[in-house]
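The structure appears right after this line, and notes come after that.
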Amino acid sequence: MKTKLFLLAIIVIFLSGCQIQTDSRKKIQDLEFLVVEEGKVPEKLSQVLEEKKAEPFKLTYQDQGNLYLCSGYGKQPTGGYSIGVEELYLTENAIYFDTILIGPSKGEILAETPSYPYIVVMTEDLDLPVVFQ
């Protein structure tokens, strides 16, 4: 009988833990952000981006009350790529950031040199972890 009660308690704890995680992803609000132009990125962050741009990356950088969210897609065969922000929102426990790589349009004249698309967005630093999707 004690074994059954113990197993039941474990199952209840496990199931309640799953529910908490689901609720923690519930959007509280969308966050305002600004896409930062290449020349306006803080110098230290710019150096890191230059080092990392050849491979896909996701990183954050905090500076003077601002949070910079960076997402790079690594080396692409040509120019003509851009990145869109799908979502940037706040939950109870984290900030969620989702981007998408947009390829060149059909018929677009492309530079034959490789490109290294990445995006840097700035939002208020809320001192929460960031989840990249």
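Note on naming: chains are A, B, ... as they come in the structure tokens, residues start from 1 per chain, ligands start from 1 in the order shown.
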
* May I have all residues of chain A that DSSP, computed from the backbone, assigns to strand (DSSP E), given as a ChimeraX atom specification? => /A:29-30,34-35,56-63,66-73,82-90,95-102,118-124,130-132

Output N, CA and C atoms for every residue in the selection just made, as a short mmCIF file (atom, residue, chain, number, x, y, z; two decimals), in the first residue's frame.
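Okay, this is what ended up in again.cif:
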```cif
data_model
loop_
_atom_site.label_atom_id
_atom_site.label_comp_id
_atom_site.auth_asym_id
_atom_site.auth_seq_id
_atom_site.Cartn_x
_atom_site.Cartn_y
_atom_site.Cartn_z
N GLN A 29 3.10 39.65 -22.45
CA GLN A 29 3.00 40.77 -23.38
C GLN A 29 4.11 40.71 -24.41
N ASP A 30 3.86 41.31 -25.58
CA ASP A 30 4.91 41.50 -26.57
C ASP A 30 5.84 42.58 -26.05
N LEU A 34 13.98 47.52 -30.95
CA LEU A 34 14.53 48.30 -32.04
C LEU A 34 15.59 47.44 -32.72
N VAL A 35 15.52 47.33 -34.04
CA VAL A 35 16.58 46.64 -34.79
C VAL A 35 17.75 47.60 -34.87
N PRO A 56 26.27 29.63 -37.28
CA PRO A 56 25.02 30.07 -36.62
C PRO A 56 25.27 30.36 -35.13
N PHE A 57 24.63 31.40 -34.62
CA PHE A 57 24.80 31.74 -33.20
C PHE A 57 23.55 32.43 -32.67
N LYS A 58 23.44 32.42 -31.36
CA LYS A 58 22.41 33.13 -30.61
C LYS A 58 23.09 33.62 -29.34
N LEU A 59 23.00 34.92 -29.09
CA LEU A 59 23.65 35.45 -27.89
C LEU A 59 22.95 36.70 -27.40
N THR A 60 23.23 37.02 -26.14
CA THR A 60 22.70 38.24 -25.54
C THR A 60 23.86 39.09 -25.05
N TYR A 61 23.58 40.39 -24.92
CA TYR A 61 24.58 41.33 -24.44
C TYR A 61 23.84 42.42 -23.67
N GLN A 62 24.31 42.72 -22.47
CA GLN A 62 23.68 43.75 -21.63
C GLN A 62 24.60 44.97 -21.56
N ASP A 63 23.98 46.17 -21.69
CA ASP A 63 24.76 47.39 -21.64
C ASP A 63 23.85 48.56 -21.29
N ASN A 66 20.09 48.25 -21.30
CA ASN A 66 19.55 47.68 -22.53
C ASN A 66 19.99 46.23 -22.68
N LEU A 67 19.13 45.45 -23.31
CA LEU A 67 19.43 44.06 -23.61
C LEU A 67 19.48 43.92 -25.13
N TYR A 68 20.60 43.42 -25.62
CA TYR A 68 20.77 43.18 -27.05
C TYR A 68 20.62 41.68 -27.30
N LEU A 69 19.72 41.34 -28.20
CA LEU A 69 19.49 39.95 -28.59
C LEU A 69 20.02 39.78 -30.00
N CYS A 70 20.87 38.79 -30.18
CA CYS A 70 21.54 38.60 -31.47
C CYS A 70 21.31 37.19 -31.98
N SER A 71 20.97 37.11 -33.24
CA SER A 71 20.74 35.81 -33.87
C SER A 71 21.38 35.82 -35.25
N GLY A 72 22.31 34.89 -35.48
CA GLY A 72 23.01 34.81 -36.75
C GLY A 72 22.80 33.46 -37.40
N TYR A 73 22.81 33.44 -38.71
CA TYR A 73 22.53 32.22 -39.47
C TYR A 73 23.74 31.65 -40.18
N SER A 82 17.82 38.14 -45.55
CA SER A 82 17.45 39.04 -44.47
C SER A 82 16.88 38.20 -43.33
N ILE A 83 16.67 38.84 -42.20
CA ILE A 83 16.16 38.13 -41.02
C ILE A 83 14.97 38.90 -40.50
N GLY A 84 13.91 38.17 -40.20
CA GLY A 84 12.72 38.76 -39.63
C GLY A 84 12.54 38.34 -38.19
N VAL A 85 11.95 39.21 -37.39
CA VAL A 85 11.62 38.86 -36.01
C VAL A 85 10.20 38.31 -36.01
N GLU A 86 10.07 37.04 -35.68
CA GLU A 86 8.77 36.40 -35.60
C GLU A 86 8.05 36.80 -34.31
N GLU A 87 8.77 36.70 -33.19
CA GLU A 87 8.19 37.03 -31.89
C GLU A 87 9.28 37.49 -30.93
N LEU A 88 8.90 38.42 -30.08
CA LEU A 88 9.71 38.82 -28.93
C LEU A 88 8.71 39.15 -27.84
N TYR A 89 8.65 38.27 -26.84
CA TYR A 89 7.63 38.46 -25.82
C TYR A 89 8.11 38.04 -24.44
N LEU A 90 7.38 38.53 -23.44
CA LEU A 90 7.68 38.31 -22.04
C LEU A 90 6.75 37.24 -21.47
N ILE A 95 12.24 35.78 -21.34
CA ILE A 95 11.97 36.50 -22.57
C ILE A 95 12.15 35.49 -23.70
N TYR A 96 11.19 35.44 -24.62
CA TYR A 96 11.25 34.52 -25.75
C TYR A 96 11.52 35.32 -27.02
N PHE A 97 12.48 34.83 -27.82
CA PHE A 97 12.91 35.53 -29.03
C PHE A 97 12.98 34.52 -30.16
N ASP A 98 12.26 34.82 -31.24
CA ASP A 98 12.20 33.92 -32.38
C ASP A 98 12.42 34.72 -33.66
N THR A 99 13.35 34.26 -34.48
CA THR A 99 13.64 34.92 -35.76
C THR A 99 13.52 33.91 -36.89
N ILE A 100 13.51 34.44 -38.11
CA ILE A 100 13.44 33.58 -39.30
C ILE A 100 14.37 34.14 -40.36
N LEU A 101 15.07 33.24 -41.05
CA LEU A 101 15.93 33.62 -42.16
C LEU A 101 15.08 33.69 -43.42
N ILE A 102 15.17 34.80 -44.12
CA ILE A 102 14.40 35.00 -45.36
C ILE A 102 15.39 35.00 -46.51
N TYR A 118 22.91 38.32 -39.91
CA TYR A 118 22.56 38.27 -38.49
C TYR A 118 21.73 39.50 -38.17
N ILE A 119 21.04 39.43 -37.04
CA ILE A 119 20.21 40.55 -36.60
C ILE A 119 20.55 40.86 -35.14
N VAL A 120 20.51 42.14 -34.81
CA VAL A 120 20.70 42.59 -33.44
C VAL A 120 19.48 43.45 -33.10
N VAL A 121 18.75 43.07 -32.06
CA VAL A 121 17.64 43.89 -31.60
C VAL A 121 17.92 44.33 -30.17
N MET A 122 17.44 45.50 -29.85
CA MET A 122 17.64 46.07 -28.51
C MET A 122 16.28 46.23 -27.85
N THR A 123 16.20 45.83 -26.60
CA THR A 123 15.01 46.00 -25.79
C THR A 123 15.45 46.35 -24.37
N GLU A 124 14.50 46.61 -23.52
CA GLU A 124 14.81 46.93 -22.13
C GLU A 124 15.37 45.69 -21.43
N VAL A 130 16.84 34.54 -21.43
CA VAL A 130 16.30 34.62 -22.78
C VAL A 130 16.25 33.22 -23.37
N VAL A 131 15.11 32.90 -23.98
CA VAL A 131 14.94 31.62 -24.66
C VAL A 131 14.87 31.93 -26.16
N PHE A 132 15.84 31.41 -26.90
CA PHE A 132 15.84 31.57 -28.35
C PHE A 132 15.08 30.39 -28.95
#
```

* In Å, rounded to a single decimal, give me how far atom CA of Lys53 of chain A is from atom CA of Val41 of chain A. =>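 We find that atom CA of Val41 of chain A and atom CA of Lys53 of chain A lie 14.4 Å from each other.
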
* **d(atom CA of Lys52 of chain A, atom CA of Glu38 of chain A) in Å** =>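 It comes out at 14.7 Å.
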
* **Distance criterion (only C-alpha atoms): nearest to Thr91 of chain A out of A:Pro42, A:Glu50, A:Pro129, A:Ile109** =>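 Ranking A:Pro42, A:Glu50, A:Pro129, A:Ile109 by distance to Thr91 of chain A, first place goes to A:Pro129.
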
Please, which residues of chain A, numbered as in this document, come out helix (DSSP H, G or I) from DSSP, as an mmCIF file with all heavy atoms, in the first residue's frame?
```cif
data_model
loop_
_atom_site.group_PDB
_atom_site.id
_atom_site.type_symbol
_atom_site.label_atom_id
_atom_site.label_comp_id
_atom_site.auth_asym_id
_atom_site.auth_seq_id
_atom_site.Cartn_x
_atom_site.Cartn_y
_atom_site.Cartn_z
ATOM 1 N N LYS A 2 1.949 1.258 0.815
ATOM 2 C CA LYS A 2 2.848 2.407 0.865
ATOM 3 C C LYS A 2 3.500 2.637 -0.500
ATOM 4 O O LYS A 2 3.709 3.768 -0.907
ATOM 5 C CB LYS A 2 3.923 2.208 1.928
ATOM 6 C CG LYS A 2 3.410 2.366 3.341
ATOM 7 C CD LYS A 2 4.548 2.229 4.323
ATOM 8 C CE LYS A 2 4.035 2.373 5.734
ATOM 9 N NZ LYS A 2 5.099 2.242 6.725
ATOM 10 N N THR A 3 3.819 1.564 -1.194
ATOM 11 C CA THR A 3 4.440 1.677 -2.508
ATOM 12 C C THR A 3 3.490 2.349 -3.487
ATOM 13 O O THR A 3 3.891 3.221 -4.262
ATOM 14 C CB THR A 3 4.846 0.281 -3.037
ATOM 15 O OG1 THR A 3 5.690 -0.339 -2.080
ATOM 16 C CG2 THR A 3 5.559 0.391 -4.364
ATOM 17 N N LYS A 4 2.219 1.980 -3.455
ATOM 18 C CA LYS A 4 1.226 2.586 -4.351
ATOM 19 C C LYS A 4 1.068 4.075 -4.053
ATOM 20 O O LYS A 4 0.983 4.887 -4.966
ATOM 21 C CB LYS A 4 -0.122 1.875 -4.230
ATOM 22 C CG LYS A 4 -0.131 0.495 -4.839
ATOM 23 C CD LYS A 4 -1.496 -0.138 -4.717
ATOM 24 C CE LYS A 4 -1.476 -1.543 -5.270
ATOM 25 N NZ LYS A 4 -2.778 -2.197 -5.144
ATOM 26 N N LEU A 5 1.034 4.436 -2.783
ATOM 27 C CA LEU A 5 0.905 5.838 -2.415
ATOM 28 C C LEU A 5 2.141 6.631 -2.846
ATOM 29 O O LEU A 5 2.036 7.756 -3.325
ATOM 30 C CB LEU A 5 0.684 5.996 -0.909
ATOM 31 C CG LEU A 5 -0.705 5.621 -0.384
ATOM 32 C CD1 LEU A 5 -0.723 5.698 1.127
ATOM 33 C CD2 LEU A 5 -1.753 6.520 -0.986
ATOM 34 N N PHE A 6 3.300 6.013 -2.668
ATOM 35 C CA PHE A 6 4.539 6.656 -3.080
ATOM 36 C C PHE A 6 4.548 6.904 -4.595
ATOM 37 O O PHE A 6 4.864 7.998 -5.054
ATOM 38 C CB PHE A 6 5.750 5.805 -2.667
ATOM 39 C CG PHE A 6 7.060 6.382 -3.109
ATOM 40 C CD1 PHE A 6 7.602 7.488 -2.466
ATOM 41 C CD2 PHE A 6 7.759 5.829 -4.166
ATOM 42 C CE1 PHE A 6 8.801 8.032 -2.869
ATOM 43 C CE2 PHE A 6 8.957 6.361 -4.579
ATOM 44 C CZ PHE A 6 9.486 7.456 -3.921
ATOM 45 N N LEU A 7 4.162 5.886 -5.371
ATOM 46 C CA LEU A 7 4.109 6.030 -6.826
ATOM 47 C C LEU A 7 3.080 7.085 -7.239
ATOM 48 O O LEU A 7 3.323 7.887 -8.139
ATOM 49 C CB LEU A 7 3.791 4.690 -7.490
ATOM 50 C CG LEU A 7 4.919 3.660 -7.464
ATOM 51 C CD1 LEU A 7 4.444 2.332 -8.027
ATOM 52 C CD2 LEU A 7 6.115 4.166 -8.251
ATOM 53 N N LEU A 8 1.946 7.100 -6.575
ATOM 54 C CA LEU A 8 0.925 8.093 -6.870
ATOM 55 C C LEU A 8 1.447 9.502 -6.587
ATOM 56 O O LEU A 8 1.239 10.425 -7.372
ATOM 57 C CB LEU A 8 -0.346 7.819 -6.053
ATOM 58 C CG LEU A 8 -1.518 8.770 -6.289
ATOM 59 C CD1 LEU A 8 -1.952 8.716 -7.752
ATOM 60 C CD2 LEU A 8 -2.663 8.428 -5.379
ATOM 61 N N ALA A 9 2.161 9.669 -5.489
ATOM 62 C CA ALA A 9 2.734 10.975 -5.136
ATOM 63 C C ALA A 9 3.751 11.409 -6.193
ATOM 64 O O ALA A 9 3.781 12.579 -6.599
ATOM 65 C CB ALA A 9 3.379 10.919 -3.757
ATOM 66 N N ILE A 10 4.575 10.493 -6.649
ATOM 67 C CA ILE A 10 5.570 10.800 -7.682
ATOM 68 C C ILE A 10 4.873 11.236 -8.967
ATOM 69 O O ILE A 10 5.255 12.232 -9.592
ATOM 70 C CB ILE A 10 6.487 9.578 -7.958
ATOM 71 C CG1 ILE A 10 7.322 9.233 -6.734
ATOM 72 C CG2 ILE A 10 7.359 9.817 -9.183
ATOM 73 C CD1 ILE A 10 8.370 10.253 -6.380
ATOM 74 N N ILE A 11 3.831 10.526 -9.352
ATOM 75 C CA ILE A 11 3.093 10.870 -10.574
ATOM 76 C C ILE A 11 2.460 12.246 -10.445
ATOM 77 O O ILE A 11 2.527 13.069 -11.359
ATOM 78 C CB ILE A 11 2.036 9.786 -10.895
ATOM 79 C CG1 ILE A 11 2.748 8.499 -11.323
ATOM 80 C CG2 ILE A 11 1.073 10.259 -11.984
ATOM 81 C CD1 ILE A 11 1.846 7.293 -11.443
ATOM 82 N N VAL A 12 1.847 12.541 -9.309
ATOM 83 C CA VAL A 12 1.220 13.846 -9.097
ATOM 84 C C VAL A 12 2.266 14.963 -9.165
ATOM 85 O O VAL A 12 2.056 15.988 -9.810
ATOM 86 C CB VAL A 12 0.452 13.885 -7.753
ATOM 87 C CG1 VAL A 12 0.055 15.300 -7.392
ATOM 88 C CG2 VAL A 12 -0.768 12.979 -7.820
ATOM 89 N N ILE A 13 3.418 14.755 -8.558
ATOM 90 C CA ILE A 13 4.489 15.752 -8.585
ATOM 91 C C ILE A 13 4.980 15.946 -10.016
ATOM 92 O O ILE A 13 5.146 17.068 -10.480
ATOM 93 C CB ILE A 13 5.651 15.349 -7.648
ATOM 94 C CG1 ILE A 13 5.203 15.466 -6.190
ATOM 95 C CG2 ILE A 13 6.896 16.190 -7.919
ATOM 96 C CD1 ILE A 13 6.178 14.877 -5.198
ATOM 97 N N PHE A 14 5.161 14.856 -10.733
ATOM 98 C CA PHE A 14 5.628 14.936 -12.117
ATOM 99 C C PHE A 14 4.628 15.690 -12.986
ATOM 100 O O PHE A 14 4.984 16.587 -13.730
ATOM 101 C CB PHE A 14 5.879 13.528 -12.677
ATOM 102 C CG PHE A 14 6.273 13.544 -14.127
ATOM 103 C CD1 PHE A 14 7.541 13.939 -14.499
ATOM 104 C CD2 PHE A 14 5.364 13.183 -15.106
ATOM 105 C CE1 PHE A 14 7.904 13.958 -15.828
ATOM 106 C CE2 PHE A 14 5.724 13.207 -16.437
ATOM 107 C CZ PHE A 14 7.000 13.587 -16.802
ATOM 108 N N LEU A 15 3.362 15.347 -12.874
ATOM 109 C CA LEU A 15 2.338 15.997 -13.686
ATOM 110 C C LEU A 15 2.189 17.472 -13.333
ATOM 111 O O LEU A 15 2.010 18.310 -14.204
ATOM 112 C CB LEU A 15 0.993 15.272 -13.542
ATOM 113 C CG LEU A 15 0.931 13.876 -14.180
ATOM 114 C CD1 LEU A 15 -0.408 13.233 -13.912
ATOM 115 C CD2 LEU A 15 1.205 13.947 -15.671
ATOM 116 N N SER A 16 2.273 17.800 -12.074
ATOM 117 C CA SER A 16 2.169 19.211 -11.702
ATOM 118 C C SER A 16 3.390 19.977 -12.203
ATOM 119 O O SER A 16 3.277 21.123 -12.592
ATOM 120 C CB SER A 16 1.996 19.381 -10.198
ATOM 121 O OG SER A 16 3.160 18.977 -9.507
ATOM 122 N N GLY A 17 4.549 19.347 -12.230
ATOM 123 C CA GLY A 17 5.748 19.979 -12.771
ATOM 124 C C GLY A 17 5.594 20.268 -14.247
ATOM 125 O O GLY A 17 5.999 21.312 -14.739
ATOM 126 N N CYS A 18 4.970 19.373 -14.986
ATOM 127 C CA CYS A 18 4.726 19.602 -16.407
ATOM 128 C C CYS A 18 3.791 20.784 -16.602
ATOM 129 O O CYS A 18 3.970 21.586 -17.503
ATOM 130 C CB CYS A 18 4.141 18.361 -17.064
ATOM 131 S SG CYS A 18 5.300 16.993 -17.161
ATOM 132 N N GLN A 19 2.793 20.884 -15.780
ATOM 133 C CA GLN A 19 1.830 21.980 -15.901
ATOM 134 C C GLN A 19 2.494 23.322 -15.633
ATOM 135 O O GLN A 19 2.249 24.283 -16.337
ATOM 136 C CB GLN A 19 0.649 21.767 -14.934
ATOM 137 C CG GLN A 19 -0.415 22.827 -15.031
ATOM 138 C CD GLN A 19 -1.085 22.864 -16.383
ATOM 139 O OE1 GLN A 19 -1.289 21.837 -17.003
ATOM 140 N NE2 GLN A 19 -1.397 24.057 -16.863
ATOM 141 N N ILE A 20 3.365 23.384 -14.657
ATOM 142 C CA ILE A 20 4.048 24.629 -14.333
ATOM 143 C C ILE A 20 4.881 25.093 -15.522
ATOM 144 O O ILE A 20 4.854 26.248 -15.894
ATOM 145 C CB ILE A 20 4.927 24.473 -13.068
ATOM 146 C CG1 ILE A 20 4.034 24.309 -11.841
ATOM 147 C CG2 ILE A 20 5.859 25.664 -12.901
ATOM 148 C CD1 ILE A 20 4.775 23.912 -10.598
ATOM 149 N N GLN A 21 5.561 24.165 -16.169
ATOM 150 C CA GLN A 21 6.391 24.535 -17.302
ATOM 151 C C GLN A 21 5.534 25.071 -18.451
ATOM 152 O O GLN A 21 5.888 26.039 -19.097
ATOM 153 C CB GLN A 21 7.204 23.333 -17.775
ATOM 154 C CG GLN A 21 8.226 23.706 -18.818
ATOM 155 C CD GLN A 21 9.208 22.605 -19.051
ATOM 156 O OE1 GLN A 21 9.065 21.501 -18.552
ATOM 157 N NE2 GLN A 21 10.221 22.888 -19.814
ATOM 158 N N THR A 22 4.395 24.468 -18.700
ATOM 159 C CA THR A 22 3.505 24.938 -19.753
ATOM 160 C C THR A 22 3.039 26.358 -19.444
ATOM 161 O O THR A 22 3.028 27.218 -20.309
ATOM 162 C CB THR A 22 2.287 23.999 -19.887
ATOM 163 O OG1 THR A 22 2.764 22.694 -20.191
ATOM 164 C CG2 THR A 22 1.358 24.463 -20.980
ATOM 165 N N ASP A 23 2.633 26.622 -18.208
ATOM 166 C CA ASP A 23 2.167 27.948 -17.828
ATOM 167 C C ASP A 23 3.276 28.983 -17.912
ATOM 168 O O ASP A 23 3.012 30.141 -18.199
ATOM 169 C CB ASP A 23 1.588 27.934 -16.406
ATOM 170 C CG ASP A 23 0.253 27.207 -16.341
ATOM 171 O OD1 ASP A 23 -0.337 26.964 -17.414
ATOM 172 O OD2 ASP A 23 -0.176 26.877 -15.229
ATOM 173 N N SER A 24 4.523 28.579 -17.661
ATOM 174 C CA SER A 24 5.613 29.544 -17.647
ATOM 175 C C SER A 24 5.908 30.080 -19.045
ATOM 176 O O SER A 24 6.561 31.100 -19.180
ATOM 177 C CB SER A 24 6.872 28.924 -17.035
ATOM 178 O OG SER A 24 7.390 27.930 -17.883
ATOM 179 N N GLU A 38 24.080 48.120 -38.104
ATOM 180 C CA GLU A 38 25.440 47.617 -37.901
ATOM 181 C C GLU A 38 26.365 48.660 -37.276
ATOM 182 O O GLU A 38 27.107 48.365 -36.351
ATOM 183 C CB GLU A 38 26.025 47.136 -39.229
ATOM 184 C CG GLU A 38 27.321 46.399 -39.073
ATOM 185 C CD GLU A 38 27.790 45.771 -40.365
ATOM 186 O OE1 GLU A 38 26.948 45.424 -41.207
ATOM 187 O OE2 GLU A 38 29.016 45.637 -40.521
ATOM 188 N N GLY A 39 26.331 49.883 -37.698
ATOM 189 C CA GLY A 39 27.224 50.915 -37.179
ATOM 190 C C GLY A 39 26.859 51.409 -35.788
ATOM 191 O O GLY A 39 27.630 52.141 -35.175
ATOM 192 N N LYS A 40 25.702 51.017 -35.265
ATOM 193 C CA LYS A 40 25.248 51.488 -33.961
ATOM 194 C C LYS A 40 25.305 50.413 -32.877
ATOM 195 O O LYS A 40 24.862 50.633 -31.756
ATOM 196 C CB LYS A 40 23.840 52.053 -34.077
ATOM 197 C CG LYS A 40 23.805 53.209 -35.049
ATOM 198 C CD LYS A 40 22.624 54.073 -34.881
ATOM 199 C CE LYS A 40 22.764 55.227 -35.872
ATOM 200 N NZ LYS A 40 21.856 56.273 -35.692
ATOM 201 N N GLU A 43 30.594 48.618 -29.434
ATOM 202 C CA GLU A 43 31.866 48.144 -29.992
ATOM 203 C C GLU A 43 32.242 46.734 -29.529
ATOM 204 O O GLU A 43 32.637 45.896 -30.340
ATOM 205 C CB GLU A 43 32.989 49.121 -29.645
ATOM 206 C CG GLU A 43 34.292 48.784 -30.330
ATOM 207 C CD GLU A 43 35.373 49.822 -30.068
ATOM 208 O OE1 GLU A 43 35.047 50.981 -29.779
ATOM 209 O OE2 GLU A 43 36.548 49.436 -30.148
ATOM 210 N N LYS A 44 32.116 46.464 -28.231
ATOM 211 C CA LYS A 44 32.475 45.135 -27.720
ATOM 212 C C LYS A 44 31.595 44.055 -28.350
ATOM 213 O O LYS A 44 32.076 42.986 -28.725
ATOM 214 C CB LYS A 44 32.358 45.088 -26.202
ATOM 215 C CG LYS A 44 33.444 45.838 -25.486
ATOM 216 C CD LYS A 44 33.287 45.736 -23.986
ATOM 217 C CE LYS A 44 34.327 46.567 -23.275
ATOM 218 N NZ LYS A 44 34.194 46.503 -21.816
ATOM 219 N N LEU A 45 30.321 44.339 -28.477
ATOM 220 C CA LEU A 45 29.397 43.379 -29.093
ATOM 221 C C LEU A 45 29.729 43.204 -30.568
ATOM 222 O O LEU A 45 29.723 42.085 -31.085
ATOM 223 C CB LEU A 45 27.950 43.832 -28.913
ATOM 224 C CG LEU A 45 26.884 42.967 -29.591
ATOM 225 C CD1 LEU A 45 26.968 41.517 -29.139
ATOM 226 C CD2 LEU A 45 25.492 43.538 -29.319
ATOM 227 N N SER A 46 30.044 44.272 -31.233
ATOM 228 C CA SER A 46 30.405 44.217 -32.652
ATOM 229 C C SER A 46 31.605 43.294 -32.884
ATOM 230 O O SER A 46 31.635 42.526 -33.851
ATOM 231 C CB SER A 46 30.701 45.623 -33.163
ATOM 232 O OG SER A 46 30.923 45.599 -34.541
ATOM 233 N N GLN A 47 32.585 43.359 -31.989
ATOM 234 C CA GLN A 47 33.759 42.486 -32.101
ATOM 235 C C GLN A 47 33.368 41.017 -31.954
ATOM 236 O O GLN A 47 33.852 40.160 -32.696
ATOM 237 C CB GLN A 47 34.795 42.870 -31.047
ATOM 238 C CG GLN A 47 35.435 44.215 -31.284
ATOM 239 C CD GLN A 47 36.275 44.693 -30.104
ATOM 240 O OE1 GLN A 47 36.365 44.039 -29.072
ATOM 241 N NE2 GLN A 47 36.899 45.852 -30.259
ATOM 242 N N VAL A 48 32.481 40.728 -30.999
ATOM 243 C CA VAL A 48 32.024 39.348 -30.784
ATOM 244 C C VAL A 48 31.264 38.851 -32.018
ATOM 245 O O VAL A 48 31.466 37.726 -32.477
ATOM 246 C CB VAL A 48 31.139 39.241 -29.520
ATOM 247 C CG1 VAL A 48 30.491 37.866 -29.407
ATOM 248 C CG2 VAL A 48 31.953 39.556 -28.278
ATOM 249 N N LEU A 49 30.399 39.690 -32.573
ATOM 250 C CA LEU A 49 29.626 39.303 -33.755
ATOM 251 C C LEU A 49 30.546 39.002 -34.931
ATOM 252 O O LEU A 49 30.314 38.046 -35.680
ATOM 253 C CB LEU A 49 28.636 40.409 -34.121
ATOM 254 C CG LEU A 49 27.532 40.671 -33.102
ATOM 255 C CD1 LEU A 49 26.736 41.911 -33.495
ATOM 256 C CD2 LEU A 49 26.627 39.467 -32.946
ATOM 257 N N GLU A 50 31.569 39.807 -35.095
ATOM 258 C CA GLU A 50 32.524 39.591 -36.187
ATOM 259 C C GLU A 50 33.211 38.232 -36.044
ATOM 260 O O GLU A 50 33.411 37.527 -37.029
ATOM 261 C CB GLU A 50 33.553 40.726 -36.211
ATOM 262 C CG GLU A 50 34.498 40.682 -37.387
ATOM 263 C CD GLU A 50 33.805 40.836 -38.735
ATOM 264 O OE1 GLU A 50 32.771 41.515 -38.834
ATOM 265 O OE2 GLU A 50 34.319 40.242 -39.714
ATOM 266 N N GLU A 51 33.539 37.850 -34.812
ATOM 267 C CA GLU A 51 34.192 36.562 -34.561
ATOM 268 C C GLU A 51 33.246 35.386 -34.800
ATOM 269 O O GLU A 51 33.671 34.327 -35.246
ATOM 270 C CB GLU A 51 34.702 36.499 -33.120
ATOM 271 C CG GLU A 51 35.831 37.454 -32.820
ATOM 272 C CD GLU A 51 36.157 37.524 -31.333
ATOM 273 O OE1 GLU A 51 35.613 36.723 -30.541
ATOM 274 O OE2 GLU A 51 36.961 38.401 -30.955
ATOM 275 N N LYS A 52 31.975 35.558 -34.510
ATOM 276 C CA LYS A 52 31.024 34.454 -34.543
ATOM 277 C C LYS A 52 30.234 34.324 -35.841
ATOM 278 O O LYS A 52 29.579 33.316 -36.060
ATOM 279 C CB LYS A 52 30.031 34.588 -33.385
ATOM 280 C CG LYS A 52 30.666 34.412 -32.026
ATOM 281 C CD LYS A 52 29.615 34.307 -30.957
ATOM 282 C CE LYS A 52 30.226 33.940 -29.643
ATOM 283 N NZ LYS A 52 30.659 32.563 -29.551
#
```

* Asked: Any idea what the distance is between atom CA of Leu128 of chain A and atom CA of Ile28 of chain A?
  ->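 Atom-to-atom, atom CA of Leu128 of chain A and atom CA of Ile28 of chain A are spaced 13.6 Å apart.
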